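A.B. asks: One file is attached below, input_19.txt, containing compact mmCIF, C-alpha atoms.
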```txt
# COMPACT_ATOMS: atom_id res chain seq x y z
CA MET A 1 163.75 54.77 73.36
CA ALA A 2 161.87 51.54 73.98
CA ASP A 3 160.50 51.78 77.52
CA SER A 4 158.40 48.65 76.96
CA PHE A 5 161.67 46.74 76.81
CA TYR A 6 162.12 47.43 80.55
CA PRO A 7 158.62 47.00 81.99
CA PHE A 8 159.90 46.56 85.57
CA VAL A 9 162.22 49.58 85.68
CA GLU A 10 160.76 52.97 86.45
CA ASN A 11 162.16 56.26 85.26
CA GLY A 12 161.56 57.79 88.66
CA PRO A 13 159.03 60.41 89.72
CA GLU A 14 158.73 63.61 87.75
CA GLY A 15 161.22 66.16 88.98
CA ALA A 16 163.54 63.56 90.51
CA PRO A 17 167.25 64.41 90.25
CA GLN A 18 168.89 63.11 87.11
CA ALA A 19 172.02 60.99 87.02
CA PRO A 20 175.29 62.93 86.78
CA GLU A 21 176.45 63.75 83.28
CA GLY A 22 178.32 60.77 81.84
CA ALA A 23 177.70 58.54 84.90
CA MET A 24 176.34 55.67 82.80
CA GLU A 25 177.46 56.80 79.40
CA VAL A 26 178.14 54.15 76.77
CA ARG A 27 181.51 54.81 75.17
CA SER A 28 182.55 51.41 73.83
CA PRO A 29 180.92 49.69 70.86
CA ALA A 30 179.76 46.13 71.41
CA ARG A 31 181.41 43.60 69.11
CA VAL A 32 179.43 40.48 68.31
CA ALA A 33 181.56 37.69 66.82
CA VAL A 34 179.67 34.96 64.97
CA TYR A 35 181.61 31.72 64.47
CA ASP A 36 179.91 30.24 61.42
CA ASP A 37 182.79 27.82 60.90
CA ALA A 38 185.23 26.68 63.57
CA ALA A 39 187.99 26.56 60.97
CA ALA A 40 187.48 30.16 59.82
CA ALA A 41 187.72 33.59 61.40
CA PRO A 42 184.41 34.91 62.76
CA ARG A 43 182.39 37.65 61.17
CA VAL A 44 181.98 40.62 63.46
CA VAL A 45 178.86 42.78 63.86
CA VAL A 46 179.38 46.09 65.67
CA VAL A 47 176.71 47.84 67.72
CA GLU A 48 177.71 51.48 68.07
CA PRO A 49 177.34 53.41 71.34
CA SER A 50 174.06 55.21 72.05
CA ASP A 51 172.00 56.01 75.13
CA VAL A 52 171.96 53.21 77.67
CA ARG A 53 168.50 51.79 77.08
CA THR A 54 168.74 51.90 73.29
CA TYR A 55 172.19 50.34 73.49
CA LEU A 56 171.03 47.46 75.69
CA GLU A 57 168.03 46.87 73.45
CA GLU A 58 170.07 46.87 70.24
CA VAL A 59 172.77 44.57 71.62
CA THR A 60 170.16 42.10 72.91
CA ALA A 61 168.19 42.12 69.67
CA THR A 62 171.36 41.71 67.58
CA VAL A 63 172.70 38.79 69.61
CA ASN A 64 169.30 37.09 69.66
CA ARG A 65 168.87 37.46 65.90
CA LEU A 66 172.36 36.21 65.05
CA ALA A 67 172.09 33.25 67.44
CA LYS A 68 168.71 32.24 65.99
CA GLU A 69 170.13 32.51 62.46
CA GLN A 70 172.73 29.94 63.50
CA GLY A 71 169.99 27.62 64.78
CA GLY A 72 170.39 28.40 68.49
CA SER A 73 167.58 27.84 70.99
CA ILE A 74 168.63 30.06 73.91
CA PRO A 75 165.61 32.32 74.60
CA PHE A 76 165.56 36.08 74.27
CA THR A 77 164.95 36.67 78.00
CA VAL A 78 168.09 34.76 79.02
CA ILE A 79 170.17 36.66 76.48
CA ARG A 80 168.76 39.94 77.75
CA GLU A 81 169.72 39.19 81.36
CA CYS A 82 173.32 38.52 80.30
CA VAL A 83 173.46 41.68 78.19
CA GLU A 84 172.08 43.76 81.08
CA ASN A 85 174.90 42.40 83.22
CA LEU A 86 177.22 44.64 81.14
CA VAL A 87 175.85 47.56 83.17
CA HIS A 88 178.01 46.36 86.09
CA ALA A 89 181.07 46.65 83.83
CA TYR A 90 180.09 50.21 82.82
CA PHE A 91 180.00 48.88 79.23
CA THR A 92 183.78 48.60 79.11
CA ALA A 93 184.89 46.78 75.93
CA PRO A 94 181.92 44.38 75.67
CA THR A 95 182.41 41.41 73.36
CA VAL A 96 179.85 38.71 72.56
CA SER A 97 180.85 35.42 70.91
CA ILE A 98 178.26 33.14 69.31
CA LEU A 99 179.46 29.53 68.99
CA ASP A 100 178.17 25.97 68.56
CA GLY A 101 175.45 26.87 66.10
CA GLY A 102 174.05 29.55 68.39
CA ASP A 103 173.75 27.26 71.42
CA THR A 104 176.76 28.77 73.20
CA ILE A 105 176.99 32.53 73.79
CA ARG A 106 179.90 34.15 75.65
CA PHE A 107 179.69 37.68 77.06
CA SER A 108 182.98 39.29 78.09
CA ASP A 109 183.96 42.73 79.33
CA GLN A 110 186.89 44.54 80.90
CA GLY A 111 185.07 46.05 83.83
CA PRO A 112 185.76 45.51 87.55
CA GLY A 113 184.88 41.79 87.33
CA ILE A 114 182.98 39.61 89.82
CA ALA A 115 184.91 38.69 92.96
CA ASP A 116 182.48 36.14 94.45
CA LYS A 117 181.16 34.21 91.47
CA ARG A 118 179.07 31.75 93.46
CA LEU A 119 177.33 34.51 95.38
CA ALA A 120 176.52 36.24 92.08
CA LEU A 121 174.33 33.23 91.21
CA GLU A 122 172.23 33.50 94.37
CA TYR A 123 168.92 35.36 94.22
CA GLY A 124 168.92 38.70 96.01
CA THR A 125 172.64 39.47 95.81
CA SER A 126 173.49 42.51 93.71
CA SER A 127 176.18 45.17 93.28
CA ALA A 128 173.89 47.51 91.33
CA THR A 129 174.21 51.17 92.27
CA GLU A 130 171.33 53.63 92.28
CA GLU A 131 172.33 54.95 88.88
CA MET A 132 172.42 51.40 87.47
CA LYS A 133 168.89 50.79 88.77
CA ARG A 134 167.64 53.40 86.34
CA TYR A 135 168.22 50.81 83.59
CA ILE A 136 168.03 47.39 85.25
CA ARG A 137 165.93 45.96 88.07
CA GLY A 138 168.98 45.69 90.33
CA VAL A 139 167.45 43.11 92.69
CA GLY A 140 169.92 40.27 92.09
CA SER A 141 167.68 38.20 89.83
CA GLY A 142 169.37 38.38 86.41
CA LEU A 143 172.19 35.86 86.45
CA PRO A 144 170.45 33.50 88.95
CA TYR A 145 167.41 33.32 86.67
CA ALA A 146 169.55 32.74 83.58
CA SER A 147 171.56 30.07 85.40
CA GLN A 148 168.47 28.24 86.64
CA TYR A 149 166.88 28.26 83.19
CA MET A 150 170.02 26.91 81.54
CA GLU A 151 170.45 24.12 84.08
CA ASP A 152 166.77 23.17 83.82
CA LYS A 153 167.32 22.71 80.07
CA GLY A 154 170.45 20.59 80.58
CA GLY A 155 172.82 23.48 79.87
CA SER A 156 174.88 25.76 82.05
CA LEU A 157 175.91 29.28 82.93
CA THR A 158 179.50 29.86 84.02
CA ILE A 159 181.34 32.95 85.26
CA GLU A 160 185.10 33.28 84.76
CA ASP A 161 187.72 36.00 84.96
CA ASN A 162 188.77 37.73 81.78
CA ILE A 163 192.45 37.84 80.86
CA GLN A 164 193.22 41.35 82.14
CA GLY A 165 190.29 42.25 84.36
CA GLY A 166 186.58 41.95 83.83
CA CYS A 167 184.58 38.77 83.58
CA VAL A 168 183.29 36.26 81.06
CA VAL A 169 179.75 34.90 81.34
CA THR A 170 179.07 31.85 79.17
CA ILE A 171 175.65 30.32 78.59
CA SER A 172 175.50 27.03 76.73
CA LEU A 173 173.02 24.39 75.63
CA ALA A 174 175.55 22.65 73.40
CA ALA A 175 176.18 18.95 74.05
CA GLU A 176 179.74 18.08 74.89
CA GLY A 177 181.45 15.31 76.84
CA ASP A 178 179.21 12.65 78.30
CA VAL A 179 175.52 12.49 77.47
CA TRP A 180 172.65 11.04 79.43
CA PRO A 181 172.17 7.30 79.09
CA VAL A 182 169.76 6.69 76.25
CA GLN A 183 167.23 3.89 76.15
CA ALA A 184 167.78 1.51 73.26
CA PRO A 185 165.00 1.93 70.70
CA ALA A 186 162.46 -0.83 70.35
CA ALA A 187 163.37 -3.43 67.73
CA PRO A 188 161.53 -2.86 64.47
CA TYR A 189 159.01 -5.46 63.48
CA ALA A 190 159.72 -7.87 60.67
CA ALA A 191 159.06 -6.75 57.12
CA GLN A 192 155.52 -7.64 56.09
CA ALA A 193 153.22 -6.66 53.27
CA GLY A 194 152.64 -2.95 53.66
CA ALA A 195 155.36 -2.58 56.34
CA PRO A 196 158.36 -0.28 55.81
CA THR A 197 161.13 -1.84 53.76
CA GLY A 198 164.87 -1.47 53.89
CA ASN A 199 165.24 -2.53 57.53
CA PRO A 200 168.95 -3.24 58.01
CA VAL A 201 168.34 -5.41 61.08
CA PRO A 202 167.30 -8.99 60.25
CA MET A 203 164.40 -10.10 62.34
CA THR A 204 163.04 -13.49 63.29
CA GLN A 205 159.42 -14.16 62.42
CA PRO A 206 157.13 -14.86 65.38
CA PRO A 207 155.56 -18.31 65.70
CA ALA A 208 153.02 -19.05 63.00
CA ALA A 209 150.62 -20.95 65.26
CA ALA A 210 147.47 -18.98 65.94
CA ALA A 211 146.55 -18.27 69.53
CA PRO A 212 142.98 -18.80 70.82
CA TYR A 213 140.46 -16.22 69.79
CA GLY A 214 140.71 -13.05 71.86
CA ALA A 215 144.31 -13.68 72.95
CA PRO A 216 147.15 -11.36 71.85
CA GLN A 217 148.14 -12.11 68.28
CA PRO A 218 151.80 -11.96 67.19
CA TYR A 219 152.19 -9.69 64.21
CA GLY A 220 151.84 -11.50 60.89
CA SER A 221 150.06 -14.56 62.26
CA PRO A 222 146.59 -15.59 60.97
CA TYR A 223 143.81 -13.92 62.85
CA PRO A 224 141.43 -16.71 64.05
CA ALA A 225 137.78 -16.58 63.12
CA ALA A 226 135.33 -15.60 65.81
CA PRO A 227 133.30 -18.44 67.31
CA THR A 228 130.11 -16.57 66.49
CA ALA A 229 128.62 -16.00 63.08
CA PRO A 230 130.31 -13.30 61.00
CA ALA A 231 128.69 -9.89 60.70
CA TYR A 232 126.58 -9.10 57.70
CA GLY A 233 128.63 -8.45 54.57
CA GLN A 234 131.78 -10.22 55.80
CA PRO A 235 132.95 -13.66 54.64
CA ALA A 236 132.81 -16.55 57.02
CA ALA A 237 136.57 -17.18 56.87
CA TYR A 238 139.75 -15.65 55.49
CA PRO A 239 142.61 -17.42 53.77
CA ALA A 240 145.49 -18.41 56.02
CA GLY A 241 148.10 -15.70 56.43
CA TYR A 242 145.69 -12.81 55.74
CA PRO A 243 144.60 -10.71 58.73
CA ALA A 244 140.93 -10.06 59.24
CA PRO A 245 139.66 -6.54 58.58
CA TYR A 246 138.76 -4.21 61.38
CA PRO A 247 135.80 -5.76 63.28
CA SER A 248 132.34 -4.50 62.47
CA PRO A 249 130.44 -2.61 65.18
CA ALA A 250 128.49 -5.78 65.97
CA ALA A 251 131.63 -7.77 66.70
CA PRO A 252 133.43 -7.52 70.05
CA VAL A 253 136.43 -5.19 69.99
CA TYR A 254 139.45 -6.26 71.98
CA PRO A 255 142.02 -3.62 73.00
CA ALA A 256 145.40 -4.00 71.35
CA PRO A 257 147.77 -5.50 73.94
CA TYR A 258 151.39 -4.56 74.40
CA LEU A 259 153.31 -7.36 72.72
CA SER A 260 156.42 -7.77 74.84
CA ALA A 261 158.15 -9.89 72.22
CA TYR A 262 157.76 -7.26 69.51
CA PRO A 263 157.21 -3.82 71.15
CA GLY A 264 155.93 -1.25 68.75
CA ALA A 265 154.52 -3.78 66.20
CA PRO A 266 150.87 -3.10 65.31
CA THR A 267 148.25 -5.73 65.97
CA PRO A 268 146.36 -6.73 62.78
CA GLY A 269 142.89 -5.29 62.57
CA LEU A 270 143.30 -3.08 65.63
CA GLN A 271 144.91 0.28 66.25
CA ALA A 272 148.52 0.00 67.36
CA GLN A 273 149.32 1.28 70.83
CA THR A 274 152.65 2.63 72.03
CA ALA A 275 154.05 1.07 75.16
CA PRO A 276 154.90 3.51 77.96
CA ALA A 277 158.57 4.43 78.17
CA PRO A 278 160.37 2.32 80.77
CA ALA A 279 161.73 4.01 83.85
CA GLN A 280 165.38 4.93 84.06
CA PRO A 281 167.26 1.63 84.41
CA MET A 282 169.05 1.21 87.72
CA SER A 283 170.48 -2.23 87.10
CA GLU A 284 173.65 -0.73 85.65
CA PRO A 285 176.08 1.22 87.85
CA LEU A 286 176.56 4.94 87.37
CA ASN A 287 179.39 6.06 85.13
CA SER A 288 182.45 7.58 86.76
CA ARG A 289 181.30 11.20 86.44
CA GLN A 290 177.80 10.54 87.76
CA LEU A 291 179.26 8.57 90.66
CA GLN A 292 181.76 11.34 91.44
CA ALA A 293 178.98 13.92 91.40
CA LEU A 294 176.82 11.81 93.72
CA GLN A 295 179.72 11.25 96.11
CA HIS A 296 180.32 14.99 96.27
CA LEU A 297 176.66 15.71 96.96
CA VAL A 298 176.50 13.17 99.78
CA THR A 299 179.80 14.36 101.29
CA ALA A 300 179.24 18.12 100.96
CA GLY A 301 175.47 18.07 101.38
CA SER A 302 174.83 19.93 98.12
CA GLY A 303 176.58 21.04 94.95
CA GLY A 304 176.31 22.63 91.53
CA ALA A 305 177.79 22.25 88.07
CA SER A 306 180.23 25.16 88.33
CA GLU A 307 181.43 23.96 91.72
CA LEU A 308 182.11 20.45 90.40
CA ALA A 309 183.93 21.88 87.38
CA ASP A 310 186.18 23.93 89.67
CA LEU A 311 186.93 20.93 91.89
CA TYR A 312 187.28 18.10 89.41
CA GLY A 313 187.88 19.73 86.03
CA SER A 314 185.93 19.14 82.81
CA SER A 315 183.21 21.58 81.75
CA ALA A 316 180.20 22.88 83.64
CA PRO A 317 177.76 21.61 80.95
CA THR A 318 179.15 18.10 81.41
CA TRP A 319 178.61 18.23 85.17
CA SER A 320 175.20 19.81 84.65
CA ARG A 321 174.12 16.80 82.60
CA ALA A 322 175.45 14.44 85.26
CA LEU A 323 173.49 16.26 87.98
CA SER A 324 170.35 16.33 85.85
CA TRP A 325 170.68 12.58 85.29
CA LEU A 326 170.98 12.01 89.06
CA ALA A 327 167.80 14.05 89.54
CA LYS A 328 165.96 12.02 86.90
CA ALA A 329 167.13 8.81 88.59
CA GLY A 330 165.85 10.00 91.96
CA PHE A 331 169.30 10.28 93.53
CA ALA A 332 169.19 14.08 93.91
CA VAL A 333 166.73 16.96 93.90
CA LYS A 334 167.29 20.53 92.81
CA GLN A 335 166.77 23.23 95.40
CA GLY A 336 167.30 26.70 94.01
CA GLN A 337 170.62 26.71 92.18
CA ARG A 338 172.01 23.59 93.86
CA TYR A 339 171.38 19.84 93.99
CA VAL A 340 171.02 17.93 97.25
CA PRO A 341 171.20 14.13 97.60
CA THR A 342 168.17 12.02 98.42
CA GLN A 343 168.01 8.97 100.66
CA ALA A 344 168.05 6.82 97.54
CA GLY A 345 171.30 8.50 96.46
CA ALA A 346 172.95 7.88 99.82
CA ALA A 347 171.71 4.29 99.82
CA TYR A 348 173.14 3.75 96.33
CA LEU A 349 176.62 4.68 97.57
CA SER A 350 176.25 2.22 100.43
CA ALA A 351 175.44 -0.71 98.16
CA PRO A 352 175.70 0.12 94.42
CA PRO A 353 174.51 -2.56 91.99
CA ARG A 354 177.18 -4.84 90.56
```
Let me see the file written as structure tokens.
C.D. replies:
Amino acid sequence: MADSFYPFVENGPEGAPQAPEGAMEVRSPARVAVYDDAAAAPRVVVVEPSDVRTYLEEVTATVNRLAKEQGGSIPFTVIRECVENLVHAYFTAPTVSILDGGDTIRFSDQGPGIADKRLALEYGTSSATEEMKRYIRGVGSGLPYASQYMEDKGGSLTIEDNIQGGCVVTISLAAEGDVWPVQAPAAPYAAQAGAPTGNPVPMTQPPAAAAPYGAPQPYGSPYPAAPTAPAYGQPAAYPAGYPAPYPSPAAPVYPAPYLSAYPGAPTPGLQAQTAPAPAQPMSEPLNSRQLQALQHLVTAGSGGASELADLYGSSAPTWSRALSWLAKAGFAVKQGQRYVPTQAGAAYLSAPPR
């Protein structure tokens, strides 16, 4: 019995009446299917029935270990909340499927199911009975917390009906469908002595003419001599085409500028600086899914990934990424489990860029 696994659940005062015999008895083994290869049958790990707390602990630990072995990044606490949700199904035929290299986990059962799936994702709503609260918090925080965490990480949590009763809860961080627009990487600088070789992109050399002393120097150009006398121990001049060494402490040090023509190229003799990442570009119009999500938010006032998936098809993770992109662009903000449009989002629909 690992009571430390449930630090927020009390056993009740000494002498309190115990739960009826068999009220929360675990009778079904939990089957954990690990899909190592999509083209092959899964391997199945069985967790045998035991007392409720030990059973919940062993199922959570087994799923977490197998998902991490596949390379998954879903945290233990999220997995635990989904496993504890099996209490509401009275542990009837629980099955856990680990897919997408551990980044998608599906929990299914054949219990009574969840009638109002949207309400189940709101904090404070719960169907936990008094006997269930002996093993879980029962305050309506489990699935809402798991859903919020997954959406904050660009993933999703969905609730669906099982084939013949019960429900299926799927948590996923796996990328599918559209992805966020990605900034094009800065062009690599031209191959120079000591620079990385094997660059497949041919580059044009910057102008060879030297700029006045103290001005930004294109990479590879001669570094002009200082108008003052050189520091002790340094030659008065350097052959053309060779950059000067790092200035001595007596010489003035000029900060390395951001060279707009060749971002990312180091300035000779000075420490290279990385230019700040540009803001999300708004010159291009939204793609069709992002635009559809924004239109829904403005029309309905708010929305979520599961809601958009129900209305327009595609997967909840795909819509979750679209909503997250709108939030990054400043067109929506997340409030609880839903996204609401901003004034910038409404203005975009009025006059989108062409």
A.B. asks: Under the rule that all atoms listed in the file are counted, which of A:Asn85, A:Asn162, A:Gln148, A:Ser306 is the nearest residue to Val59 (chain A)?
C.D. replies: A:Asn85
A.B. asks: Quick one: everything within 9 Å of Asp37 (chain A), counting all atoms listed in the file, minus sequence neighbours fewer than 4 positions away in the same chain. Send it as a list in words.
C.D. replies: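 Answer for this query is Ala41, Pro42 and Leu99 of chain A.
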A.B. asks: For CA of Gly142 (chain A) and CA of Asp36 (chain A), quote the distance in Å rounded to one decimal.
C.D. replies: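 Between these atoms lies a distance of 28.3 Å.
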A.B. asks: What does the structure give for the distance between CA of Gly102 (chain A) and CA of Lys68 (chain A), in Å to one decimal?
C.D. replies: 6.4 Å
A.B. asks: May I ask which of the residues A:Pro29, A:Pro285, A:Gly155, A:Pro75 is the closest one to Ser324 (chain A), counting only C-alpha atoms?
C.D. replies: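 Closest residue, counting only C-alpha atoms: A:Gly155.
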A.B. asks: Residues at most 8 Å from Val298 (chain A), counting all atoms listed in the file, excluding those fewer than 4 positions away in the same chain, as number ranges by chain?
C.D. replies: A: 294, 302, 340-341, 345-346
A.B. asks: With all atoms listed in the file as the basis for distance, which of A:Ala33, A:Ser141, A:Asp152, A:Cys167 is at the shortest distance from Gln335 (chain A)?
C.D. replies: A:Asp152
A.B. asks: Of the candidates A:Glu84, A:Asp161, A:Glu131, A:Glu307, which one gets nearest to Arg53 (chain A) if we count all atoms listed in the file?
C.D. replies: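 Of A:Glu84, A:Asp161, A:Glu131, A:Glu307, the one nearest Arg53 (chain A) is A:Glu84, counting all atoms listed in the file.
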A.B. asks: Just how far from CA of Val63 (chain A) is CA of Ile98 (chain A), in Å to one decimal?
C.D. replies: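 It comes out at 7.9 Å.
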A.B. asks: Quick one: residues within 10 Å of region 312-321 of chain A, only C-alpha atoms counted, chain neighbours fewer than 3 positions away excluded, as a PDB file with C-alpha atoms, in the coordinates of the input?
C.D. replies:
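Once written, out29.pdb looks like this:
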```pdb
ATOM      1  CA  MET A 150     170.020  26.910  81.540  1.00  0.00           C
ATOM      2  CA  GLU A 151     170.450  24.120  84.080  1.00  0.00           C
ATOM      3  CA  ASP A 152     166.770  23.170  83.820  1.00  0.00           C
ATOM      4  CA  LYS A 153     167.320  22.710  80.070  1.00  0.00           C
ATOM      5  CA  GLY A 154     170.450  20.590  80.580  1.00  0.00           C
ATOM      6  CA  GLY A 155     172.820  23.480  79.870  1.00  0.00           C
ATOM      7  CA  SER A 156     174.880  25.760  82.050  1.00  0.00           C
ATOM      8  CA  LEU A 157     175.910  29.280  82.930  1.00  0.00           C
ATOM      9  CA  THR A 158     179.500  29.860  84.020  1.00  0.00           C
ATOM     10  CA  ILE A 171     175.650  30.320  78.590  1.00  0.00           C
ATOM     11  CA  SER A 172     175.500  27.030  76.730  1.00  0.00           C
ATOM     12  CA  LEU A 173     173.020  24.390  75.630  1.00  0.00           C
ATOM     13  CA  ALA A 174     175.550  22.650  73.400  1.00  0.00           C
ATOM     14  CA  ALA A 175     176.180  18.950  74.050  1.00  0.00           C
ATOM     15  CA  GLU A 176     179.740  18.080  74.890  1.00  0.00           C
ATOM     16  CA  GLY A 177     181.450  15.310  76.840  1.00  0.00           C
ATOM     17  CA  ASP A 178     179.210  12.650  78.300  1.00  0.00           C
ATOM     18  CA  VAL A 179     175.520  12.490  77.470  1.00  0.00           C
ATOM     19  CA  TRP A 180     172.650  11.040  79.430  1.00  0.00           C
ATOM     20  CA  ARG A 289     181.300  11.200  86.440  1.00  0.00           C
ATOM     21  CA  GLN A 290     177.800  10.540  87.760  1.00  0.00           C
ATOM     22  CA  GLN A 292     181.760  11.340  91.440  1.00  0.00           C
ATOM     23  CA  ALA A 293     178.980  13.920  91.400  1.00  0.00           C
ATOM     24  CA  GLY A 304     176.310  22.630  91.530  1.00  0.00           C
ATOM     25  CA  ALA A 305     177.790  22.250  88.070  1.00  0.00           C
ATOM     26  CA  SER A 306     180.230  25.160  88.330  1.00  0.00           C
ATOM     27  CA  GLU A 307     181.430  23.960  91.720  1.00  0.00           C
ATOM     28  CA  LEU A 308     182.110  20.450  90.400  1.00  0.00           C
ATOM     29  CA  ALA A 309     183.930  21.880  87.380  1.00  0.00           C
ATOM     30  CA  SER A 324     170.350  16.330  85.850  1.00  0.00           C
ATOM     31  CA  TRP A 325     170.680  12.580  85.290  1.00  0.00           C
ATOM     32  CA  LEU A 326     170.980  12.010  89.060  1.00  0.00           C
ATOM     33  CA  ALA A 327     167.800  14.050  89.540  1.00  0.00           C
TER      34      ALA A 327
END
```
A.B. asks: Which residue out of A:Ala115, A:Val87, A:Leu66, A:Val169 has the minimum interatomic distance to Met24 (chain A) when all atoms listed in the file are used?
C.D. replies: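 Comparing A:Ala115, A:Val87, A:Leu66, A:Val169 against Met24 (chain A), the winner is A:Val87.
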A.B. asks: Return the single residue from A:Gln110, A:Thr170, A:Thr104, A:Thr54 that is closest to Ala67 (chain A), with distances computed using only C-alpha atoms.
C.D. replies: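 Nearest to Ala67 (chain A): A:Thr104.
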A.B. asks: Hey, could you pull the box centre and edge lengths for region 25-32 of chain A, axis-aligned, 5 Å padding per side, all listed atoms, to one decimal in Å, as JSON?
C.D. replies:
```
{"center_x": 180.0, "center_y": 48.6, "center_z": 73.9, "size_x": 15.1, "size_y": 26.3, "size_z": 21.1}
```
A.B. asks: Taking (181.9, 46.0, 80.6) in the file's coordinates as the center, which residues reach within 10 Å of it, counting all atoms listed in the file, put as a VMD selection string?
C.D. replies: chain A and resid 26 28 30 83 85 to 95 107 to 113 165 to 168
A.B. asks: Could I see region 321-339 of chain A restored to N, CA and C atoms, set down as a PDB file, in the coordinates of the input?
C.D. replies:
```
ATOM      1  N   ARG A 321     174.836  17.973  83.095  1.00  0.00           N
ATOM      2  CA  ARG A 321     174.120  16.800  82.600  1.00  0.00           C
ATOM      3  C   ARG A 321     174.191  15.645  83.589  1.00  0.00           C
ATOM      4  N   ALA A 322     175.333  15.503  84.258  1.00  0.00           N
ATOM      5  CA  ALA A 322     175.450  14.440  85.260  1.00  0.00           C
ATOM      6  C   ALA A 322     174.492  14.688  86.424  1.00  0.00           C
ATOM      7  N   LEU A 323     174.400  15.940  86.880  1.00  0.00           N
ATOM      8  CA  LEU A 323     173.490  16.260  87.980  1.00  0.00           C
ATOM      9  C   LEU A 323     172.029  16.092  87.553  1.00  0.00           C
ATOM     10  N   SER A 324     171.715  16.496  86.344  1.00  0.00           N
ATOM     11  CA  SER A 324     170.350  16.330  85.850  1.00  0.00           C
ATOM     12  C   SER A 324     169.986  14.846  85.768  1.00  0.00           C
ATOM     13  N   TRP A 325     170.942  14.015  85.357  1.00  0.00           N
ATOM     14  CA  TRP A 325     170.680  12.580  85.290  1.00  0.00           C
ATOM     15  C   TRP A 325     170.424  12.021  86.694  1.00  0.00           C
ATOM     16  N   LEU A 326     171.200  12.464  87.689  1.00  0.00           N
ATOM     17  CA  LEU A 326     170.980  12.010  89.060  1.00  0.00           C
ATOM     18  C   LEU A 326     169.586  12.416  89.543  1.00  0.00           C
ATOM     19  N   ALA A 327     169.145  13.614  89.143  1.00  0.00           N
ATOM     20  CA  ALA A 327     167.800  14.050  89.540  1.00  0.00           C
ATOM     21  C   ALA A 327     166.737  13.200  88.870  1.00  0.00           C
ATOM     22  N   LYS A 328     166.928  12.870  87.592  1.00  0.00           N
ATOM     23  CA  LYS A 328     165.960  12.020  86.900  1.00  0.00           C
ATOM     24  C   LYS A 328     165.919  10.615  87.509  1.00  0.00           C
ATOM     25  N   ALA A 329     167.067  10.146  87.998  1.00  0.00           N
ATOM     26  CA  ALA A 329     167.130   8.810  88.590  1.00  0.00           C
ATOM     27  C   ALA A 329     166.623   8.785  90.022  1.00  0.00           C
ATOM     28  N   GLY A 330     166.334   9.955  90.593  1.00  0.00           N
ATOM     29  CA  GLY A 330     165.850  10.000  91.960  1.00  0.00           C
ATOM     30  C   GLY A 330     166.941  10.025  93.003  1.00  0.00           C
ATOM     31  N   PHE A 331     168.188  10.244  92.591  1.00  0.00           N
ATOM     32  CA  PHE A 331     169.300  10.280  93.530  1.00  0.00           C
ATOM     33  C   PHE A 331     169.577  11.674  94.070  1.00  0.00           C
ATOM     34  N   ALA A 332     168.983  12.703  93.463  1.00  0.00           N
ATOM     35  CA  ALA A 332     169.190  14.080  93.910  1.00  0.00           C
ATOM     36  C   ALA A 332     167.971  14.895  93.531  1.00  0.00           C
ATOM     37  N   VAL A 333     167.795  16.012  94.216  1.00  0.00           N
ATOM     38  CA  VAL A 333     166.730  16.960  93.900  1.00  0.00           C
ATOM     39  C   VAL A 333     167.347  18.347  93.818  1.00  0.00           C
ATOM     40  N   LYS A 334     166.770  19.184  92.970  1.00  0.00           N
ATOM     41  CA  LYS A 334     167.290  20.530  92.810  1.00  0.00           C
ATOM     42  C   LYS A 334     166.555  21.482  93.734  1.00  0.00           C
ATOM     43  N   GLN A 335     167.317  22.226  94.499  1.00  0.00           N
ATOM     44  CA  GLN A 335     166.770  23.230  95.400  1.00  0.00           C
ATOM     45  C   GLN A 335     167.440  24.559  95.085  1.00  0.00           C
ATOM     46  N   GLY A 336     166.706  25.449  94.439  1.00  0.00           N
ATOM     47  CA  GLY A 336     167.300  26.700  94.010  1.00  0.00           C
ATOM     48  C   GLY A 336     168.320  26.460  92.920  1.00  0.00           C
ATOM     49  N   GLN A 337     169.560  26.872  93.163  1.00  0.00           N
ATOM     50  CA  GLN A 337     170.620  26.710  92.180  1.00  0.00           C
ATOM     51  C   GLN A 337     171.497  25.495  92.460  1.00  0.00           C
ATOM     52  N   ARG A 338     171.146  24.696  93.471  1.00  0.00           N
ATOM     53  CA  ARG A 338     172.010  23.590  93.860  1.00  0.00           C
ATOM     54  C   ARG A 338     171.220  22.280  93.901  1.00  0.00           C
ATOM     55  N   TYR A 339     171.960  21.179  93.876  1.00  0.00           N
ATOM     56  CA  TYR A 339     171.380  19.840  93.990  1.00  0.00           C
ATOM     57  C   TYR A 339     171.733  19.262  95.352  1.00  0.00           C
TER      58      TYR A 339
END
```
